[in-house]
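Dumped my_file31.cif below, it's mmCIF, C-alpha atoms and all ligand atoms:
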```cif
data_structure
loop_
_atom_site.label_atom_id
_atom_site.label_comp_id
_atom_site.auth_asym_id
_atom_site.auth_seq_id
_atom_site.Cartn_x
_atom_site.Cartn_y
_atom_site.Cartn_z
CA MET B 24 17.14 -75.43 38.74
CA GLU B 25 16.42 -75.17 35.03
CA PHE B 26 13.29 -77.03 33.92
CA SER B 27 12.82 -78.34 30.36
CA LYS B 28 9.06 -77.60 30.37
CA HIS B 29 6.90 -75.38 32.59
CA ILE B 30 3.48 -77.08 32.48
CA LEU B 31 0.36 -75.38 33.79
CA ILE B 32 -2.19 -78.01 34.93
CA THR B 33 -5.58 -76.44 35.67
CA GLY B 34 -7.97 -78.14 38.09
CA GLY B 35 -5.06 -80.04 39.66
CA ALA B 36 -6.68 -80.12 43.11
CA GLY B 37 -9.72 -82.02 41.80
CA PHE B 38 -10.27 -85.73 41.24
CA ILE B 39 -8.54 -86.45 37.91
CA GLY B 40 -6.28 -83.40 38.14
CA SER B 41 -4.70 -84.53 41.41
CA HIS B 42 -3.86 -87.95 39.94
CA LEU B 43 -2.35 -86.28 36.87
CA VAL B 44 -0.34 -83.74 38.92
CA ARG B 45 1.05 -86.51 41.15
CA ARG B 46 2.05 -88.58 38.10
CA MET B 47 3.71 -85.66 36.29
CA VAL B 48 5.57 -84.38 39.37
CA ARG B 49 6.94 -87.85 40.16
CA ASN B 50 7.66 -89.11 36.63
CA TYR B 51 9.15 -85.92 35.20
CA PRO B 52 11.51 -84.24 37.70
CA SER B 53 12.86 -82.12 34.83
CA TYR B 54 9.43 -80.48 34.33
CA LEU B 55 8.05 -77.70 36.52
CA ILE B 56 4.40 -78.52 37.30
CA VAL B 57 2.26 -75.50 38.18
CA ASN B 58 -1.16 -76.44 39.54
CA LEU B 59 -3.75 -73.67 39.02
CA ASP B 60 -6.99 -74.24 40.92
CA LYS B 61 -9.77 -72.07 42.34
CA LEU B 62 -10.41 -74.62 45.11
CA THR B 63 -14.17 -74.86 44.66
CA TYR B 64 -16.09 -77.46 46.69
CA ALA B 65 -14.50 -80.08 44.39
CA GLY B 66 -10.88 -78.99 44.85
CA ASN B 67 -8.89 -80.06 47.87
CA LEU B 68 -5.15 -79.53 48.38
CA GLU B 69 -5.00 -82.51 50.75
CA ASN B 70 -5.35 -84.60 47.57
CA LEU B 71 -1.76 -83.57 46.84
CA SER B 72 -0.15 -83.55 50.28
CA ASP B 73 2.34 -86.22 49.17
CA VAL B 74 3.84 -84.03 46.43
CA ALA B 75 3.29 -80.56 47.92
CA ASP B 76 6.97 -80.19 48.89
CA ALA B 77 8.45 -81.58 45.68
CA PRO B 78 11.04 -79.20 44.15
CA ASN B 79 9.27 -79.25 40.76
CA TYR B 80 5.74 -78.46 42.10
CA ARG B 81 4.05 -75.07 42.57
CA PHE B 82 0.45 -74.17 43.46
CA GLU B 83 -1.46 -71.05 42.35
CA LYS B 84 -4.95 -70.40 43.72
CA ALA B 85 -6.72 -68.67 40.83
CA ASP B 86 -9.93 -68.60 38.81
CA ILE B 87 -9.75 -69.32 35.07
CA CYS B 88 -12.49 -66.70 34.72
CA ASP B 89 -9.92 -64.03 35.75
CA PRO B 90 -7.82 -63.12 32.65
CA ALA B 91 -5.45 -60.84 34.60
CA ALA B 92 -4.60 -63.65 37.02
CA LEU B 93 -3.93 -66.02 34.09
CA LYS B 94 -1.62 -63.48 32.40
CA ALA B 95 0.31 -62.99 35.64
CA ILE B 96 0.71 -66.76 36.19
CA PHE B 97 1.87 -67.33 32.59
CA GLU B 98 4.49 -64.61 33.07
CA LYS B 99 5.58 -65.56 36.58
CA HIS B 100 6.18 -69.23 35.69
CA GLN B 101 7.10 -68.77 32.00
CA ILE B 102 4.46 -71.37 31.09
CA THR B 103 5.44 -73.47 28.04
CA ASP B 104 2.50 -75.94 28.01
CA VAL B 105 -1.02 -76.29 29.38
CA ILE B 106 -3.06 -79.33 30.39
CA HIS B 107 -6.55 -78.01 31.06
CA LEU B 108 -8.86 -79.92 33.42
CA ALA B 109 -10.48 -77.15 35.52
CA ALA B 110 -14.23 -77.40 35.11
CA GLU B 111 -17.56 -77.72 36.82
CA SER B 112 -17.94 -81.48 36.38
CA HIS B 113 -21.21 -82.75 37.88
CA VAL B 114 -24.22 -83.25 35.59
CA ASP B 115 -26.83 -82.99 38.40
CA ARG B 116 -25.43 -79.62 39.48
CA SER B 117 -25.55 -78.39 35.86
CA ILE B 118 -29.27 -79.22 35.78
CA GLU B 119 -29.81 -77.28 39.03
CA GLY B 120 -27.79 -74.26 37.83
CA PRO B 121 -26.22 -74.09 34.36
CA MET B 122 -24.61 -70.63 34.56
CA GLU B 123 -21.57 -71.62 36.63
CA PHE B 124 -20.89 -74.27 33.93
CA VAL B 125 -21.05 -71.68 31.15
CA LEU B 126 -18.70 -69.37 33.05
CA THR B 127 -16.02 -71.87 34.06
CA ASN B 128 -16.24 -74.41 31.25
CA VAL B 129 -16.81 -72.08 28.30
CA VAL B 130 -15.63 -68.58 29.29
CA GLY B 131 -12.83 -69.92 31.49
CA THR B 132 -11.54 -72.15 28.67
CA VAL B 133 -11.55 -69.24 26.21
CA ASN B 134 -9.66 -67.10 28.77
CA LEU B 135 -7.03 -69.82 29.01
CA LEU B 136 -6.77 -70.15 25.21
CA GLU B 137 -6.31 -66.37 25.00
CA ALA B 138 -3.62 -66.41 27.71
CA ALA B 139 -1.71 -69.15 25.85
CA ARG B 140 -2.09 -67.40 22.49
CA ALA B 141 -0.79 -64.12 23.93
CA ALA B 142 2.12 -65.77 25.76
CA TRP B 143 3.30 -68.09 22.98
CA GLN B 144 2.88 -65.75 19.98
CA ASN B 145 2.89 -68.57 17.38
CA GLU B 146 6.25 -69.95 18.62
CA ALA B 147 6.74 -73.67 17.88
CA GLY B 148 7.15 -76.30 20.57
CA HIS B 149 4.21 -75.55 22.89
CA VAL B 150 1.17 -77.77 23.64
CA PHE B 151 -2.32 -76.85 24.91
CA HIS B 152 -3.99 -80.16 25.87
CA HIS B 153 -7.72 -79.84 26.53
CA VAL B 154 -9.25 -82.62 28.67
CA SER B 155 -12.85 -83.35 27.73
CA THR B 156 -15.56 -85.94 28.05
CA ASP B 157 -17.41 -88.57 25.99
CA GLU B 158 -20.68 -86.87 27.01
CA VAL B 159 -20.20 -84.38 24.12
CA TYR B 160 -21.26 -87.21 21.75
CA GLY B 161 -24.71 -87.55 23.36
CA SER B 162 -26.41 -90.84 24.15
CA LEU B 163 -26.09 -94.27 22.49
CA GLY B 164 -28.79 -96.89 21.94
CA GLU B 165 -28.16 -100.61 22.47
CA GLU B 166 -25.49 -100.82 19.75
CA GLY B 167 -22.36 -98.95 18.70
CA LEU B 168 -19.50 -97.01 20.23
CA PHE B 169 -18.44 -93.35 20.21
CA THR B 170 -15.51 -92.76 17.82
CA GLU B 171 -13.66 -89.51 17.15
CA GLN B 172 -15.91 -89.14 14.06
CA THR B 173 -19.19 -89.31 16.02
CA ALA B 174 -21.13 -86.05 15.59
CA TYR B 175 -21.45 -83.88 18.71
CA ASP B 176 -24.89 -84.08 20.33
CA PRO B 177 -24.61 -82.80 23.93
CA ARG B 178 -27.82 -83.14 25.93
CA SER B 179 -27.16 -81.78 29.46
CA PRO B 180 -26.02 -78.27 30.40
CA TYR B 181 -22.72 -79.86 31.54
CA SER B 182 -22.09 -81.65 28.25
CA ALA B 183 -23.23 -78.61 26.23
CA SER B 184 -20.65 -76.50 28.08
CA LYS B 185 -17.89 -79.08 27.49
CA ALA B 186 -18.87 -79.42 23.79
CA SER B 187 -18.71 -75.65 23.46
CA SER B 188 -15.25 -75.58 25.02
CA ASP B 189 -14.10 -78.34 22.62
CA HIS B 190 -15.34 -76.26 19.66
CA PHE B 191 -13.41 -73.22 20.90
CA VAL B 192 -10.23 -75.29 21.30
CA ARG B 193 -10.54 -76.55 17.70
CA ALA B 194 -11.34 -73.03 16.50
CA TYR B 195 -8.10 -71.73 18.07
CA PHE B 196 -6.16 -74.45 16.21
CA HIS B 197 -7.73 -73.61 12.84
CA THR B 198 -7.91 -69.83 13.22
CA TYR B 199 -4.76 -68.95 15.15
CA GLY B 200 -2.63 -72.09 14.76
CA LEU B 201 -2.60 -72.63 18.53
CA PRO B 202 -0.91 -76.03 19.09
CA VAL B 203 -3.83 -77.91 20.66
CA LYS B 204 -4.47 -81.57 21.47
CA MET B 205 -7.72 -82.95 22.84
CA SER B 206 -8.94 -86.05 24.67
CA ASN B 207 -12.50 -87.26 25.35
CA CYS B 208 -12.74 -89.81 28.14
CA SER B 209 -15.44 -92.05 29.58
CA ASN B 210 -16.49 -92.21 33.28
CA ASN B 211 -13.54 -92.28 35.68
CA TYR B 212 -13.44 -93.87 39.12
CA GLY B 213 -10.80 -94.20 41.84
CA SER B 214 -9.51 -92.53 44.98
CA HIS B 215 -10.20 -88.84 45.80
CA HIS B 216 -13.47 -88.87 43.80
CA PHE B 217 -15.94 -86.40 45.27
CA PRO B 218 -18.83 -88.33 46.89
CA GLU B 219 -21.56 -86.74 44.78
CA LYS B 220 -20.64 -89.02 41.84
CA LEU B 221 -22.17 -92.50 41.60
CA ILE B 222 -19.35 -94.76 42.84
CA PRO B 223 -18.04 -92.75 45.83
CA LEU B 224 -21.62 -91.75 46.80
CA MET B 225 -22.67 -95.39 46.89
CA ILE B 226 -19.57 -96.44 48.88
CA HIS B 227 -20.19 -93.61 51.37
CA ASN B 228 -23.86 -94.47 51.78
CA ILE B 229 -23.29 -98.22 52.08
CA VAL B 230 -20.69 -97.65 54.80
CA ASN B 231 -23.10 -95.33 56.65
CA GLU B 232 -26.18 -97.50 55.97
CA LYS B 233 -27.98 -94.67 54.16
CA PRO B 234 -30.35 -95.13 51.18
CA LEU B 235 -28.66 -95.82 47.82
CA PRO B 236 -30.48 -93.54 45.32
CA VAL B 237 -30.63 -95.28 41.92
CA TYR B 238 -32.06 -93.04 39.18
CA GLY B 239 -34.97 -94.44 37.14
CA LYS B 240 -34.75 -98.21 36.66
CA GLY B 241 -30.96 -98.32 37.07
CA ASP B 242 -30.59 -99.58 33.48
CA ASN B 243 -28.52 -96.65 32.17
CA ILE B 244 -25.05 -97.75 31.07
CA ARG B 245 -21.70 -96.12 31.77
CA ASP B 246 -18.24 -97.17 30.55
CA TRP B 247 -15.83 -97.03 33.49
CA LEU B 248 -12.07 -96.34 33.48
CA TRP B 249 -9.65 -96.26 36.43
CA VAL B 250 -8.54 -92.66 36.99
CA GLU B 251 -4.82 -93.53 36.90
CA ASP B 252 -5.32 -95.06 33.45
CA HIS B 253 -6.89 -91.76 32.34
CA ALA B 254 -3.84 -89.92 33.76
CA SER B 255 -1.52 -92.24 31.80
CA ALA B 256 -3.57 -91.60 28.64
CA ILE B 257 -3.29 -87.82 29.10
CA ASP B 258 0.49 -88.19 29.63
CA THR B 259 0.73 -90.25 26.40
CA ILE B 260 -1.39 -87.88 24.32
CA PHE B 261 0.32 -84.77 25.72
CA HIS B 262 3.74 -86.16 24.72
CA ASN B 263 3.00 -88.14 21.55
CA GLY B 264 -0.43 -87.17 20.20
CA ARG B 265 -0.67 -85.20 16.97
CA LEU B 266 -1.48 -81.48 17.05
CA GLY B 267 -5.07 -80.62 16.17
CA GLU B 268 -6.25 -84.18 16.86
CA SER B 269 -8.61 -85.57 19.47
CA TYR B 270 -8.28 -89.01 21.05
CA ASN B 271 -11.05 -91.01 22.72
CA VAL B 272 -10.06 -92.64 26.03
CA GLY B 273 -11.86 -95.67 27.49
CA GLY B 274 -11.45 -99.30 28.48
CA LEU B 275 -14.47 -101.15 26.96
CA ASN B 276 -16.03 -101.63 30.38
CA GLU B 277 -19.80 -101.11 30.25
CA TRP B 278 -22.00 -101.67 33.30
CA THR B 279 -25.62 -100.82 34.04
CA ASN B 280 -25.85 -98.64 37.14
CA ILE B 281 -27.84 -101.24 39.06
CA GLU B 282 -25.32 -104.04 38.29
CA LEU B 283 -22.56 -101.75 39.53
CA VAL B 284 -24.40 -100.75 42.71
CA ARG B 285 -25.11 -104.42 43.48
CA PHE B 286 -21.45 -105.28 42.91
CA LEU B 287 -20.39 -102.53 45.36
CA CYS B 288 -22.94 -103.80 47.91
CA SER B 289 -21.54 -107.33 47.81
CA LEU B 290 -17.91 -106.11 47.90
CA LEU B 291 -18.63 -103.96 50.96
CA ASP B 292 -20.70 -106.65 52.69
CA ARG B 293 -17.56 -108.82 52.46
CA LYS B 294 -15.13 -106.06 53.54
CA LEU B 295 -17.32 -104.87 56.43
CA GLY B 296 -18.16 -108.37 57.63
CA ARG B 297 -21.89 -107.86 57.02
CA ALA B 298 -24.31 -110.64 56.09
CA SER B 299 -24.34 -111.29 52.34
CA GLY B 300 -27.19 -109.31 50.70
CA SER B 301 -27.67 -106.87 53.58
CA SER B 302 -26.43 -103.68 51.83
CA GLU B 303 -28.67 -104.35 48.80
CA GLN B 304 -31.62 -103.65 51.09
CA LEU B 305 -30.52 -99.98 51.01
CA ILE B 306 -31.15 -99.65 47.24
CA THR B 307 -33.87 -97.04 46.65
CA TYR B 308 -35.19 -96.27 43.16
CA VAL B 309 -35.68 -92.50 42.85
CA THR B 310 -36.96 -90.07 40.21
CA ASP B 311 -34.81 -90.22 37.09
CA ARG B 312 -32.29 -87.51 36.18
CA ALA B 313 -33.83 -85.04 33.68
CA GLY B 314 -32.67 -85.88 30.14
CA HIS B 315 -30.69 -88.85 31.49
CA ASP B 316 -28.35 -90.16 28.75
CA LYS B 317 -29.01 -93.86 28.25
CA ARG B 318 -25.64 -95.29 27.34
CA TYR B 319 -22.02 -94.19 26.87
CA ALA B 320 -19.37 -96.46 25.33
CA ILE B 321 -16.00 -95.43 23.96
CA ASP B 322 -13.99 -96.80 21.06
CA ALA B 323 -10.34 -96.00 21.98
CA THR B 324 -8.81 -97.79 18.95
CA LYS B 325 -7.08 -94.63 17.70
CA LEU B 326 -5.28 -94.07 21.02
CA GLU B 327 -4.36 -97.75 21.29
CA THR B 328 -3.09 -98.29 17.75
CA GLU B 329 -1.51 -94.88 17.12
CA LEU B 330 0.04 -94.25 20.56
CA GLY B 331 0.17 -97.72 22.14
CA TRP B 332 -1.90 -96.85 25.25
CA LYS B 333 -4.02 -99.42 27.05
CA PRO B 334 -5.66 -99.65 30.48
CA SER B 335 -3.52 -101.31 33.16
CA ILE B 336 -6.06 -103.00 35.46
CA THR B 337 -9.49 -104.65 35.39
CA PHE B 338 -12.60 -102.97 36.80
CA GLU B 339 -12.86 -105.54 39.60
CA GLU B 340 -9.25 -104.81 40.68
CA GLY B 341 -9.77 -101.06 40.40
CA LEU B 342 -13.02 -101.15 42.39
CA GLU B 343 -11.38 -103.18 45.15
CA ARG B 344 -8.52 -100.64 45.39
CA THR B 345 -11.04 -97.79 45.35
CA VAL B 346 -13.19 -99.28 48.12
CA ASP B 347 -10.07 -99.97 50.22
CA TRP B 348 -8.97 -96.33 49.78
CA TYR B 349 -12.36 -95.00 50.93
CA LEU B 350 -12.44 -97.33 53.93
CA ALA B 351 -8.94 -96.18 54.94
CA ASN B 352 -9.70 -92.49 54.31
CA GLN B 353 -12.97 -91.82 56.11
CA ALA B 354 -11.49 -88.56 57.47
CA TRP B 355 -11.10 -87.25 53.89
CA VAL B 356 -14.70 -88.20 53.15
CA GLU B 357 -15.93 -86.50 56.34
CA LYS B 358 -13.99 -83.35 55.53
CA VAL B 359 -15.20 -82.94 51.95
CA THR B 360 -18.80 -83.87 52.74
CA SER B 361 -19.20 -81.45 55.65
CA GLY B 362 -20.27 -77.80 55.45
CA ALA B 363 -21.79 -76.54 52.21
CA TYR B 364 -21.78 -80.00 50.65
CA GLN B 365 -24.09 -81.34 53.35
CA ASP B 366 -26.90 -78.94 52.34
CA TYR B 367 -26.52 -80.02 48.72
CA TYR B 368 -26.52 -83.70 49.67
CA ASN B 369 -29.66 -83.34 51.79
CA HIS B 370 -31.42 -81.46 49.00
CA MET B 371 -30.33 -83.70 46.11
CA TYR B 372 -30.21 -87.14 47.63
CA LEU B 373 -32.46 -87.07 50.70
CA GLY B 374 -35.08 -84.63 49.32
CA ARG B 375 -34.89 -82.25 52.32
P1 LIG K 401 -13.57 -82.24 39.68
O1 LIG K 401 -14.87 -81.55 39.82
O2 LIG K 401 -13.18 -83.31 40.64
O3 LIG K 401 -12.38 -81.16 39.73
C1 LIG K 401 -12.47 -79.92 39.06
C2 LIG K 401 -11.36 -79.03 39.60
O4 LIG K 401 -11.43 -77.76 38.89
C3 LIG K 401 -11.50 -78.71 41.09
O5 LIG K 401 -10.26 -78.82 41.73
C4 LIG K 401 -11.99 -77.26 41.11
O6 LIG K 401 -11.58 -76.54 42.26
C5 LIG K 401 -11.35 -76.72 39.82
N1 LIG K 401 -12.09 -75.55 39.28
C6 LIG K 401 -13.44 -75.47 39.09
N2 LIG K 401 -13.75 -74.25 38.61
C7 LIG K 401 -12.58 -73.57 38.49
C8 LIG K 401 -12.24 -72.26 38.02
N3 LIG K 401 -13.20 -71.39 37.61
N4 LIG K 401 -10.95 -71.88 38.02
C9 LIG K 401 -9.97 -72.74 38.45
N5 LIG K 401 -10.23 -73.98 38.91
C10 LIG K 401 -11.53 -74.40 38.92
O7 LIG K 401 -13.50 -82.76 38.18
P2 LIG K 401 -12.88 -84.09 37.56
O8 LIG K 401 -13.88 -85.17 37.64
O9 LIG K 401 -11.53 -84.27 38.11
O10 LIG K 401 -12.78 -83.66 36.02
C11 LIG K 401 -11.63 -82.97 35.54
C12 LIG K 401 -11.80 -82.70 34.05
O11 LIG K 401 -11.94 -83.95 33.35
C13 LIG K 401 -13.05 -81.89 33.70
O12 LIG K 401 -12.70 -81.01 32.65
C14 LIG K 401 -14.05 -82.93 33.24
O13 LIG K 401 -14.96 -82.36 32.32
C15 LIG K 401 -13.15 -83.94 32.58
N6 LIG K 401 -13.65 -85.34 32.58
C16 LIG K 401 -14.08 -85.92 33.73
C17 LIG K 401 -14.49 -87.26 33.72
C18 LIG K 401 -14.95 -87.96 34.97
O14 LIG K 401 -15.43 -89.10 34.90
N7 LIG K 401 -14.84 -87.38 36.16
C19 LIG K 401 -14.46 -87.98 32.51
C20 LIG K 401 -14.02 -87.34 31.36
C21 LIG K 401 -13.61 -86.03 31.41
O1 LIG K 402 -18.75 -89.83 30.89
C1 LIG K 402 -17.86 -88.93 31.49
C2 LIG K 402 -18.59 -88.13 32.56
O2 LIG K 402 -18.84 -89.02 33.64
C3 LIG K 402 -17.79 -86.91 33.03
O3 LIG K 402 -17.64 -86.02 31.96
C4 LIG K 402 -18.50 -86.23 34.20
O4 LIG K 402 -17.71 -85.16 34.69
C5 LIG K 402 -18.71 -87.25 35.29
O5 LIG K 402 -19.40 -86.66 36.38
C6 LIG K 402 -19.48 -88.46 34.77
O6 LIG K 402 -20.83 -88.11 34.45
P1 LIG K 402 -22.08 -89.07 34.81
O7 LIG K 402 -23.30 -88.25 34.84
O8 LIG K 402 -22.08 -90.29 33.97
O9 LIG K 402 -21.63 -89.53 36.31
P2 LIG K 402 -22.45 -89.69 37.67
O10 LIG K 402 -21.50 -90.35 38.62
O11 LIG K 402 -23.10 -88.43 38.10
O12 LIG K 402 -23.57 -90.73 37.28
C7 LIG K 402 -23.25 -92.02 36.78
C8 LIG K 402 -24.55 -92.75 36.48
O13 LIG K 402 -25.19 -93.05 37.73
C9 LIG K 402 -25.54 -91.93 35.69
O14 LIG K 402 -26.26 -92.79 34.81
C10 LIG K 402 -26.49 -91.37 36.75
C11 LIG K 402 -26.50 -92.45 37.82
N1 LIG K 402 -26.67 -92.00 39.22
C12 LIG K 402 -25.86 -91.01 39.68
C13 LIG K 402 -25.97 -90.59 40.98
C14 LIG K 402 -25.08 -89.47 41.51
C15 LIG K 402 -27.61 -92.63 40.04
O15 LIG K 402 -28.33 -93.55 39.61
N2 LIG K 402 -27.72 -92.20 41.33
C16 LIG K 402 -26.94 -91.19 41.84
O16 LIG K 402 -27.11 -90.83 43.03
#
```
Rewrite the structure of this file - the entire thing - as structure tokens.
Amino acid sequence: MEFSKHILITGGAGFIGSHLVRRMVRNYPSYLIVNLDKLTYAGNLENLSDVADAPNYRFEKADICDPAALKAIFEKHQITDVIHLAAESHVDRSIEGPMEFVLTNVVGTVNLLEAARAAWQNEAGHVFHHVSTDEVYGSLGEEGLFTEQTAYDPRSPYSASKASSDHFVRAYFHTYGLPVKMSNCSNNYGSHHFPEKLIPLMIHNIVNEKPLPVYGKGDNIRDWLWVEDHASAIDTIFHNGRLGESYNVGGLNEWTNIELVRFLCSLLDRKLGRASGSSEQLITYVTDRAGHDKRYAIDATKLETELGWKPSITFEEGLERTVDWYLANQAWVEKVTSGAYQDYYNHMYLGR
């Protein structure tokens, strides 16, 4: 079959990537979707078992730090477009060991830009969409929102590596005319989220009656967006966004961490038939994250007014769906939290 686009999605076996791959495979049968993933601890092909046999889906196990592998994959699949999500994504891990973040997030991104530049040779009609984070803007006080004009001020090794990759993507647009688009999104939540991140970690620990480690006073604020709404935003920007532009993605949904953990406790008390208030007893205040950003909040006006995107569900609805998915998929949780992850969990969250 002839495909109208051959899109390389990197990091497609991870949390957001697997939602995006599923959406693109299902919604665009005329596109070939090539998922490139190294399958680190965060990548899991079971996330995509429902589309693995689709005629327009291919998987390539590869490392974006390997330029020869990228060249071969561009040639083999005649890649016309890239949506780049592959990254080391967890802030706590970046504090423990920054180098992997520099290699994958910075060097890997530049390798991918080089592969696209070499393959496309200034031809019109291609798109390189770089998926990034609101953390590049730094930390907000009580007031204000991040806009696309907010100056970059990354403060963790993770956000410094993502900010660096954003700068390289813009530099390739200005220097070589590479047809890039960029998006910077707030905190995602939903199914298939690795249980080192706040929401799936708390669900996992509530279910298993383990301590719920809340950093500092729990008064840091995050702005949460359902992962499928992020996937729909990427789809919109990839197709209709302007070249060289970045778009903020978020749903005006700020919560303090402690409010959110309490909400999850009461939701799970109800779902698990436990006495009201019992899971809250598991909340344990622990040493704060080093350099912990106080508040993130996204202004997505540009994406909404220019491209007509908006989130599809409320946080309460999304959290209920997410909790139901985790309760129905304990085997997935067991699988991804066994082995090497268990050592990390014990070290990070139980202090052993
Ligand atoms: P994730 O950690 O769940 O998945 C990352 C994926 O990248 C995994 O499948 C992993 O195997 C793959 N990968 C890692 N290193 C690789 C390498 N060297 N070569 C090839 N593949 C590699 O991450 P996520 O939460 O799905 O985030 C995806 C992207 O979205 C990242 O770029 C992240 O910075 C960005 N982002 C995430 C959020 C969020 O809330 N999770 C918000 C905004 C932006
Ligand atoms: O804002 C977008 C970013 O959101 C993405 O770019 C990152 O890839 C993603 O991991 C996420 O970063 P955060 O650091 O905000 O997410 P995390 O789930 O690690 O933490 C959310 C908040 O919860 C943060 O204030 C730290 C706090 N926290 C986290 C954990 C894991 C706790 O209090 N206890 C915990 O055990």
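Taking all atoms listed in the file into account, ligand LIG 401 (chain K) lies nearest to B:Asn67 out of the set B:Asn67, B:Asn271, B:Asn263, B:Asn145.
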Once you count only C-alpha atoms and all ligand atoms, what closest atom pair and distance in Å to one decimal does each residue of chain B within 8 Å of ligand LIG 401 (chain K) have, with rows by chain and rising residue number, as CSV?
```
residue,atom,partner,partner_atom,distance
B:Thr33,CA,K:LIG401,N5,6.2
B:Gly34,CA,K:LIG401,O4,3.6
B:Gly35,CA,K:LIG401,O5,5.7
B:Ala36,CA,K:LIG401,O5,4.1
B:Gly37,CA,K:LIG401,O5,3.2
B:Phe38,CA,K:LIG401,O9,3.7
B:Ile39,CA,K:LIG401,O9,3.7
B:Gly40,CA,K:LIG401,O9,5.3
B:Ser41,CA,K:LIG401,O9,7.6
B:Leu59,CA,K:LIG401,C9,6.3
B:Asp60,CA,K:LIG401,N5,3.8
B:Lys61,CA,K:LIG401,C9,4.0
B:Leu62,CA,K:LIG401,O6,3.6
B:Thr63,CA,K:LIG401,O6,3.9
B:Tyr64,CA,K:LIG401,O6,6.4
B:Ala65,CA,K:LIG401,C3,4.7
B:Gly66,CA,K:LIG401,O5,3.2
B:Asn67,CA,K:LIG401,O5,6.4
B:Lys84,CA,K:LIG401,C9,7.6
B:Ala85,CA,K:LIG401,C9,5.7
B:Asp86,CA,K:LIG401,N4,3.5
B:Ile87,CA,K:LIG401,N4,4.1
B:Cys88,CA,K:LIG401,N3,5.6
B:His107,CA,K:LIG401,O12,7.0
B:Leu108,CA,K:LIG401,O12,4.1
B:Ala109,CA,K:LIG401,O4,3.6
B:Ala110,CA,K:LIG401,C6,4.5
B:Glu111,CA,K:LIG401,C6,5.2
B:Ser112,CA,K:LIG401,O1,4.6
B:His113,CA,K:LIG401,O1,6.7
B:Leu126,CA,K:LIG401,N3,7.4
B:Thr127,CA,K:LIG401,N3,4.6
B:Asn128,CA,K:LIG401,O12,7.6
B:Gly131,CA,K:LIG401,N3,6.3
B:His153,CA,K:LIG401,O12,8.0
B:Val154,CA,K:LIG401,O12,5.5
B:Ser155,CA,K:LIG401,C21,4.6
B:Thr156,CA,K:LIG401,C21,3.9
B:Asp157,CA,K:LIG401,C20,6.5
B:Glu158,CA,K:LIG401,C20,8.0
B:Lys185,CA,K:LIG401,O13,6.5
B:Asn207,CA,K:LIG401,C20,6.2
B:Cys208,CA,K:LIG401,C20,4.3
B:Ser209,CA,K:LIG401,C19,5.1
B:Asn210,CA,K:LIG401,O14,3.7
B:Asn211,CA,K:LIG401,O14,3.8
B:Tyr212,CA,K:LIG401,O14,6.7
B:His216,CA,K:LIG401,O2,6.4
B:Phe217,CA,K:LIG401,O2,6.2
```
Closest of B:Ala77, B:Val237, B:Ile321, B:Ile260 to Glu171 (chain B) - atom-to-atom distances counting all atoms listed in the file: B:Ile321
Site check for ligand LIG 402 (chain K): residues at most 8 Å away, all atoms listed in the file, as number ranges by chain: B: 111-115, 155-158, 181-182, 208-211, 219-222, 224-225, 235-239, 241, 243-246, 280-281, 311-312, 315-319, 372
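Of the listed residues B:Trp332, B:Tyr80, B:Phe124, B:Phe338, the one whose atoms come nearest to Arg45 (chain B) is B:Tyr80, with distances taken using only C-alpha atoms.
The nearest approach to Met47 (chain B) among the residues B:Val74, B:Val272, B:Ala92, B:Ala139, with only C-alpha atoms taken into account, belongs to B:Val74.
One distance worth recording is that between CA of Lys204 (chain B) and CA of Leu326 (chain B), which is 12.5 Å.
As for CA of Pro218 (chain B) and CA of His370 (chain B), they are spaced 14.5 Å apart.
Between CA of Pro180 (chain B) and CA of Val192 (chain B) the separation is 18.5 Å.
Here the question is which of B:Glu137, B:Glu329, B:Glu119, B:Glu340 gets nearest to Leu201 (chain B) using only C-alpha atoms, and that residue is B:Glu137.
Residues within 6 Å of Thr345 (chain B), counting only C-alpha atoms and excluding same-chain residues fewer than 2 positions away, are Gly213, Ser214, Leu342, Glu343, Asp347 and Trp348 of chain B.
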